[in-house]
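Below is one structure, written out as structure tokens, with a few remarks after it.
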Amino acid sequence: MSIQPVPIHPVPIQPVPPVSIRQRLSGSRSLSLCLAICFLLSFASKIQAEQGWGSFQNGGSPVTEQSLPTEWSPEENIAWTADIVGYGQSTPIIAHDQIVVTSTSGENKDNYHLTSFSTDDGEKLWQVDLTNPSPFKNSPMVSRAAPTAIATENGFVAFFEGGVLLAVSPIGETRWQRDLVAEHGKIEARHGLSASLESDGQRVFVWVERSEEPYILAINPTNGETIWKTDGLGSTSWASPRLIPVEDSHHLVCSASGKIVGLDPASGDQLWEFTGLSNNTSSTPTIVGNGKFLIGASDGRGEENAGAAAENNGLIAISRGENNAFQADFVWRAEKASCTFGSPIVAGDTAVIVNRAGVLYRLDLETGEQVSAKRTDAGGIWATPMVAGDHLYLFGYKGTTSVFSLADGKEVAENRCWEEGDDSDKTPGFGGGNVLYAGVPVGNRLLIRRGEKLFCIGK
């Protein structure tokens with residue numbers, strides 16, 4: 001492993017004053033478990049949570065205490081819609097009183113876009129347009145603006161799979177920009193990159209798991225300088241790095257086919273490696289508690305050992321082993337449940353896993369024993385499920401969102417923002433057509449992201 005240290009200059013995190021973006025522009029088991037998980041998040045993640053939903057999967061805990069709408073249709077309970085230039089697969093982030101999304105356009109993904117919308121009415125507030133340093137055929141088989149940006153104290157940091165890394169202020173002014181292709185060479189990866197950004201406040205973590213010489217960077221969000229650079233995992237992955245609380249600190253956990261590693265966020269040093277699994281190419285670790293996280297594995301997409309996918313879904317614990325060194329291993333493995341692109345999550349005292357056929361499995365979080373299994377109207381999911389108040393939301397990639405009660409496990413409603421099959425020119429596929437990529441809370445409303453459109457639900 002090659003590590004290139006750079007002096008670290010800690011950046012203190014302060015809450016963002018509650019000033020509206022328009023003012024800025026004109027001036028220039030249960031609830032207790034959810035609370036415990038939130039407490040274990042990093043300080044930066046908690047600041048982002050106060051702002052809204054400031055990172056992919058809300059920093060590893062896709063949970064909000066806010067009650068959200070449970071019923072809607074193309075004709076009812078949609079507050080506003082907004083068009084997104086081009087197409088994108090990333091999750092919208094909510095921070096600094098605005099919604100920020102990424103997208104790409106052009107026959108060869110020639111351009112990248114970072115766009116801000118008003119949380120109130122969907123009005124476009126600003127847009128930053130960039131040239132892709134690594135043009136590649138704009139195809140449903142390759143990621144299209146898949147990495148999710150992240151909110152920081154001073155605005156936003158975004159990363160695009162073509163190598164563009166930049167930071168902007170809350171009003172869209174570029175603060176710094178880097179071309180990782182010019183610095184570290186061409187980025188080539190099967191189906192492209194999907195890893196979203198992660199941050200502990202002092203550092204933003206960028207994972208470039210390319211085909212040759214993959215690497216992970218820790219970046220100073222204030223000036224864009226590299227704090228450290230270390231080798232990637234050297235295995236296929238479309239997952240994102242995740243900070244997992246361990247003892248009184250955090251480990252930066254990265255999952256790729258056949259292995260999971262934990263890094264020291266301050267130095268990039270490898271703390272442990274776990275290789276007792278397979279098929280874990282797409283699932284990002286989800287925080288369960290101190291030193292514990294859920295991991296998912298798929299039964300498709302070309303995995304070599306697809307028949308054993310279920311036993312690679314489960315709860316992993318980080319502990320101290322021989323010579324007090326860190327180690328990781330399964331606490332329990334699922335017997336039948338397997339996931340696809342949506343990661344397993346915590347819902348009350350259960351783990352939620354949804355397979356490619358849309359079967360919802362709920363497993364006891366402590367033992368892994370199956371609590372229930374039912375086929376849902378949502379079908380297969382590509383977006384990570386979400387818990388809001390006492391409801392579980394499953395976002396089917398074809399556009400149906402199923403809502404379940406956590407109290408009794410019954411389906412409350414099935415909803416759509418657009419009519420099924422209303423796009424006569426395209427059908428949902430990997431990155432093409434009317435695909436539902438994400439659902440996030442915006443206050444007491446729900447925001448749905450399609451490749452080229454936002455839907456805000458709730459009056």
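All residue names refer to the structure tokens as shown: chains lettered A, B, ... in order, residues numbered from 1 in each chain, ligands numbered from 1 in order.
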
**OP:** Using DSSP on the backbone coordinates, identify the residues of region 117-312 of chain A assigned to helix (DSSP H, G or I); present them as a PyMOL selection string.
**Re:** chain A and resi 180-184+306-308+310-312

**OP:** Please give the complete set of residues from region 167-342 of chain A that DSSP, run on the backbone, assigns to strand (DSSP E), formatted as number ranges by chain.
**Re:** A: 167-168, 174-179, 198-199, 204-208, 215-219, 226-231, 242-246, 249-256, 259-263, 270-274, 286-289, 292-295, 314-320, 326-333

Original post:
Using only C-alpha atoms, which of A:Arg178, A:Lys186, A:Lys410, A:His113 sits nearest Arg210 (chain A)?
Top reply: A:Lys186

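For region 337-343 of chain A, the non-local neighbours within 6 Å, defined as residues at least 6 positions apart in the same chain or in other chains and counting only C-alpha atoms, are Ser282, Ser283, Thr284, Gly296, Ala297, Ser298, Ala309, Ala310, Ile353, Val354, Asn355, Arg356, Ile381, Trp382, Ala383 and Thr384 of chain A.
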
Subject >> Non-local contacts of Pro265 (chain A) (8 Å; only C-alpha atoms; under 6 positions in same chain excluded) as a PyMOL selection string >> reply: chain A and resi 218+250-252

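Non-sequential neighbours of Asp377 (chain A) (distance at most 9 Å, separation of 3 or more positions within a chain, only C-alpha atoms) are Gly358, Gly396, Thr400, Thr401, Ser402 and Glu414 of chain A.
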
**OP:** Between CA of Gly232 (chain A) and CA of Ile216 (chain A), measure the distance and give it in Å to one decimal.
**Re:** 5.6 Å

**OP:** For Gly162 (chain A), list every protein, DNA or RNA residue within 7 Å, evaluated using only C-alpha atoms, and leave out those in the same chain fewer than 5 positions away; present the list as a list in words.
**Re:** Asn132, Pro133, Ser134 and Ile187 of chain A

Original post:
Closest to Pro74 (chain A) among A:Lys259, A:Ile448, A:Lys124, A:Glu419, using only C-alpha atoms?
Top reply: A:Glu419

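Using only C-alpha atoms, the smallest distance between any of A:Gly224, A:Gly192, A:Pro147, A:Pro245 and Asp179 (chain A) comes from A:Gly224.
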
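Minimum distance to Pro140 (chain A) across A:Asp200, A:Gly88, A:Trp53, A:Glu225 (counting only C-alpha atoms) occurs at A:Gly88.
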
What's the 10 Å shell around Val261 (chain A), counting only C-alpha atoms, without same-chain residues fewer than 4 positions away, as a PDB file with all heavy atoms, in the first residue's frame?
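File written: part-v6.pdb
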ATOM      1  N   GLY A 232      -6.412   1.894  -3.665  1.00  0.00           N
ATOM      2  CA  GLY A 232      -7.772   1.391  -3.579  1.00  0.00           C
ATOM      3  C   GLY A 232      -7.761  -0.096  -3.280  1.00  0.00           C
ATOM      4  O   GLY A 232      -6.719  -0.672  -2.929  1.00  0.00           O
ATOM      5  N   LEU A 233      -8.906  -0.753  -3.463  1.00  0.00           N
ATOM      6  CA  LEU A 233      -9.017  -2.148  -3.055  1.00  0.00           C
ATOM      7  C   LEU A 233      -8.624  -3.132  -4.155  1.00  0.00           C
ATOM      8  O   LEU A 233      -8.388  -4.311  -3.879  1.00  0.00           O
ATOM      9  CB  LEU A 233     -10.446  -2.461  -2.580  1.00  0.00           C
ATOM     10  CG  LEU A 233     -10.754  -2.121  -1.128  1.00  0.00           C
ATOM     11  CD1 LEU A 233     -10.621  -0.632  -0.846  1.00  0.00           C
ATOM     12  CD2 LEU A 233     -12.137  -2.620  -0.742  1.00  0.00           C
ATOM     13  N   PRO A 241     -17.718   4.861   0.135  1.00  0.00           N
ATOM     14  CA  PRO A 241     -17.030   4.750   1.428  1.00  0.00           C
ATOM     15  C   PRO A 241     -17.955   5.207   2.545  1.00  0.00           C
ATOM     16  O   PRO A 241     -18.810   6.073   2.342  1.00  0.00           O
ATOM     17  CB  PRO A 241     -15.832   5.689   1.263  1.00  0.00           C
ATOM     18  CG  PRO A 241     -16.278   6.696   0.241  1.00  0.00           C
ATOM     19  CD  PRO A 241     -17.182   5.945  -0.700  1.00  0.00           C
ATOM     20  N   HIS A 251     -13.782   4.506  11.563  1.00  0.00           N
ATOM     21  CA  HIS A 251     -13.033   3.846  10.503  1.00  0.00           C
ATOM     22  C   HIS A 251     -13.703   4.189   9.186  1.00  0.00           C
ATOM     23  O   HIS A 251     -14.943   4.211   9.098  1.00  0.00           O
ATOM     24  CB  HIS A 251     -13.026   2.324  10.690  1.00  0.00           C
ATOM     25  CG  HIS A 251     -12.266   1.848  11.882  1.00  0.00           C
ATOM     26  ND1 HIS A 251     -12.121   0.514  12.200  1.00  0.00           N
ATOM     27  CD2 HIS A 251     -11.606   2.536  12.855  1.00  0.00           C
ATOM     28  CE1 HIS A 251     -11.414   0.393  13.300  1.00  0.00           C
ATOM     29  NE2 HIS A 251     -11.083   1.612  13.719  1.00  0.00           N
ATOM     30  N   LEU A 252     -12.913   4.433   8.149  1.00  0.00           N
ATOM     31  CA  LEU A 252     -13.445   4.636   6.811  1.00  0.00           C
ATOM     32  C   LEU A 252     -13.535   3.259   6.165  1.00  0.00           C
ATOM     33  O   LEU A 252     -12.510   2.643   5.863  1.00  0.00           O
ATOM     34  CB  LEU A 252     -12.538   5.559   5.994  1.00  0.00           C
ATOM     35  CG  LEU A 252     -13.054   5.904   4.593  1.00  0.00           C
ATOM     36  CD1 LEU A 252     -14.313   6.767   4.680  1.00  0.00           C
ATOM     37  CD2 LEU A 252     -11.971   6.625   3.786  1.00  0.00           C
ATOM     38  N   VAL A 253     -14.757   2.765   5.983  1.00  0.00           N
ATOM     39  CA  VAL A 253     -14.979   1.392   5.524  1.00  0.00           C
ATOM     40  C   VAL A 253     -15.344   1.396   4.042  1.00  0.00           C
ATOM     41  O   VAL A 253     -16.255   2.106   3.615  1.00  0.00           O
ATOM     42  CB  VAL A 253     -16.082   0.715   6.356  1.00  0.00           C
ATOM     43  CG1 VAL A 253     -16.353  -0.692   5.842  1.00  0.00           C
ATOM     44  CG2 VAL A 253     -15.665   0.670   7.832  1.00  0.00           C
ATOM     45  N   CYS A 254     -14.629   0.584   3.261  1.00  0.00           N
ATOM     46  CA  CYS A 254     -14.861   0.472   1.825  1.00  0.00           C
ATOM     47  C   CYS A 254     -15.116  -0.991   1.485  1.00  0.00           C
ATOM     48  O   CYS A 254     -14.359  -1.881   1.905  1.00  0.00           O
ATOM     49  CB  CYS A 254     -13.655   0.978   1.039  1.00  0.00           C
ATOM     50  SG  CYS A 254     -13.268   2.725   1.309  1.00  0.00           S
ATOM     51  N   SER A 255     -16.187  -1.234   0.708  1.00  0.00           N
ATOM     52  CA  SER A 255     -16.585  -2.589   0.357  1.00  0.00           C
ATOM     53  C   SER A 255     -16.472  -2.803  -1.142  1.00  0.00           C
ATOM     54  O   SER A 255     -17.038  -2.046  -1.931  1.00  0.00           O
ATOM     55  CB  SER A 255     -18.031  -2.827   0.822  1.00  0.00           C
ATOM     56  OG  SER A 255     -18.509  -4.080   0.394  1.00  0.00           O
ATOM     57  N   ALA A 256     -15.735  -3.834  -1.551  1.00  0.00           N
ATOM     58  CA  ALA A 256     -15.590  -4.210  -2.957  1.00  0.00           C
ATOM     59  C   ALA A 256     -15.694  -5.718  -3.051  1.00  0.00           C
ATOM     60  O   ALA A 256     -15.593  -6.425  -2.048  1.00  0.00           O
ATOM     61  CB  ALA A 256     -14.256  -3.717  -3.514  1.00  0.00           C
ATOM     62  N   GLN A 270      -4.285   1.314   6.581  1.00  0.00           N
ATOM     63  CA  GLN A 270      -5.265   0.232   6.667  1.00  0.00           C
ATOM     64  C   GLN A 270      -5.261  -0.338   8.074  1.00  0.00           C
ATOM     65  O   GLN A 270      -4.219  -0.721   8.610  1.00  0.00           O
ATOM     66  CB  GLN A 270      -4.961  -0.865   5.646  1.00  0.00           C
ATOM     67  CG  GLN A 270      -5.993  -1.982   5.638  1.00  0.00           C
ATOM     68  CD  GLN A 270      -5.815  -2.953   4.496  1.00  0.00           C
ATOM     69  OE1 GLN A 270      -5.793  -2.553   3.332  1.00  0.00           O
ATOM     70  NE2 GLN A 270      -5.688  -4.237   4.817  1.00  0.00           N
ATOM     71  N   LEU A 271      -6.441  -0.430   8.685  1.00  0.00           N
ATOM     72  CA  LEU A 271      -6.590  -0.928  10.050  1.00  0.00           C
ATOM     73  C   LEU A 271      -6.976  -2.393  10.076  1.00  0.00           C
ATOM     74  O   LEU A 271      -6.626  -3.112  11.008  1.00  0.00           O
ATOM     75  CB  LEU A 271      -7.650  -0.101  10.786  1.00  0.00           C
ATOM     76  CG  LEU A 271      -7.363   1.399  10.898  1.00  0.00           C
ATOM     77  CD1 LEU A 271      -8.560   2.126  11.512  1.00  0.00           C
ATOM     78  CD2 LEU A 271      -6.113   1.644  11.725  1.00  0.00           C
ATOM     79  N   TRP A 272      -7.735  -2.853   9.068  1.00  0.00           N
ATOM     80  CA  TRP A 272      -8.143  -4.253   8.988  1.00  0.00           C
ATOM     81  C   TRP A 272      -8.650  -4.564   7.591  1.00  0.00           C
ATOM     82  O   TRP A 272      -8.956  -3.671   6.815  1.00  0.00           O
ATOM     83  CB  TRP A 272      -9.225  -4.582  10.029  1.00  0.00           C
ATOM     84  CG  TRP A 272     -10.427  -3.675  10.001  1.00  0.00           C
ATOM     85  CD1 TRP A 272     -10.620  -2.543  10.741  1.00  0.00           C
ATOM     86  CD2 TRP A 272     -11.600  -3.803   9.177  1.00  0.00           C
ATOM     87  NE1 TRP A 272     -11.830  -1.959  10.444  1.00  0.00           N
ATOM     88  CE2 TRP A 272     -12.465  -2.708   9.498  1.00  0.00           C
ATOM     89  CE3 TRP A 272     -12.023  -4.720   8.221  1.00  0.00           C
ATOM     90  CZ2 TRP A 272     -13.706  -2.528   8.878  1.00  0.00           C
ATOM     91  CZ3 TRP A 272     -13.258  -4.547   7.598  1.00  0.00           C
ATOM     92  CH2 TRP A 272     -14.079  -3.456   7.940  1.00  0.00           C
ATOM     93  N   GLU A 273      -8.716  -5.857   7.290  1.00  0.00           N
ATOM     94  CA  GLU A 273      -9.274  -6.335   6.039  1.00  0.00           C
ATOM     95  C   GLU A 273     -10.068  -7.605   6.307  1.00  0.00           C
ATOM     96  O   GLU A 273      -9.619  -8.478   7.052  1.00  0.00           O
ATOM     97  CB  GLU A 273      -8.177  -6.615   5.012  1.00  0.00           C
ATOM     98  CG  GLU A 273      -8.709  -7.188   3.687  1.00  0.00           C
ATOM     99  CD  GLU A 273      -7.621  -7.388   2.648  1.00  0.00           C
ATOM    100  OE1 GLU A 273      -6.970  -6.386   2.292  1.00  0.00           O
ATOM    101  OE2 GLU A 273      -7.412  -8.536   2.208  1.00  0.00           O
ATOM    102  N   PHE A 274     -11.246  -7.691   5.730  1.00  0.00           N
ATOM    103  CA  PHE A 274     -12.090  -8.867   5.883  1.00  0.00           C
ATOM    104  C   PHE A 274     -12.383  -9.430   4.500  1.00  0.00           C
ATOM    105  O   PHE A 274     -12.846  -8.706   3.617  1.00  0.00           O
ATOM    106  CB  PHE A 274     -13.392  -8.486   6.589  1.00  0.00           C
ATOM    107  CG  PHE A 274     -14.381  -9.622   6.723  1.00  0.00           C
ATOM    108  CD1 PHE A 274     -13.998 -10.849   7.247  1.00  0.00           C
ATOM    109  CD2 PHE A 274     -15.694  -9.467   6.299  1.00  0.00           C
ATOM    110  CE1 PHE A 274     -14.897 -11.894   7.364  1.00  0.00           C
ATOM    111  CE2 PHE A 274     -16.613 -10.503   6.414  1.00  0.00           C
ATOM    112  CZ  PHE A 274     -16.207 -11.722   6.949  1.00  0.00           C
ATOM    113  N   THR A 275     -12.113 -10.728   4.296  1.00  0.00           N
ATOM    114  CA  THR A 275     -12.276 -11.336   2.983  1.00  0.00           C
ATOM    115  C   THR A 275     -13.257 -12.513   2.997  1.00  0.00           C
ATOM    116  O   THR A 275     -13.351 -13.237   2.016  1.00  0.00           O
ATOM    117  CB  THR A 275     -10.921 -11.814   2.436  1.00  0.00           C
ATOM    118  OG1 THR A 275     -10.338 -12.736   3.372  1.00  0.00           O
ATOM    119  CG2 THR A 275      -9.983 -10.645   2.219  1.00  0.00           C
ATOM    120  N   GLN A 327     -10.101  -6.280  13.812  1.00  0.00           N
ATOM    121  CA  GLN A 327     -10.523  -7.323  12.898  1.00  0.00           C
ATOM    122  C   GLN A 327     -12.026  -7.190  12.679  1.00  0.00           C
ATOM    123  O   GLN A 327     -12.706  -6.480  13.415  1.00  0.00           O
ATOM    124  CB  GLN A 327     -10.204  -8.705  13.468  1.00  0.00           C
ATOM    125  CG  GLN A 327     -10.917  -8.970  14.786  1.00  0.00           C
ATOM    126  CD  GLN A 327     -10.532 -10.305  15.414  1.00  0.00           C
ATOM    127  OE1 GLN A 327      -9.503 -10.888  15.058  1.00  0.00           O
ATOM    128  NE2 GLN A 327     -11.347 -10.789  16.331  1.00  0.00           N
ATOM    129  N   ALA A 328     -12.532  -7.847  11.647  1.00  0.00           N
ATOM    130  CA  ALA A 328     -13.964  -7.780  11.350  1.00  0.00           C
ATOM    131  C   ALA A 328     -14.472  -9.158  10.984  1.00  0.00           C
ATOM    132  O   ALA A 328     -13.748  -9.968  10.394  1.00  0.00           O
ATOM    133  CB  ALA A 328     -14.231  -6.794  10.208  1.00  0.00           C
TER     134      ALA A 328
END

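With distances restricted to only C-alpha atoms, A:Val100 is the closest residue to Glu123 (chain A) from A:Ala158, A:Val100, A:Val371, A:Leu360.
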
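Picture a line from CA of Pro92 (chain A) to CA of Ser118 (chain A); it runs 12.2 Å.
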
Original post:
From the list A:Met141, A:Leu165, A:Ala266, A:Ala146, which residue is nearest Ala438 (chain A) when using only C-alpha atoms?
Top reply: A:Ala146

Original post:
Interatomic distance between CA of Ser196 (chain A) and CA of Ser55 (chain A)?
Top reply: 8.4 Å
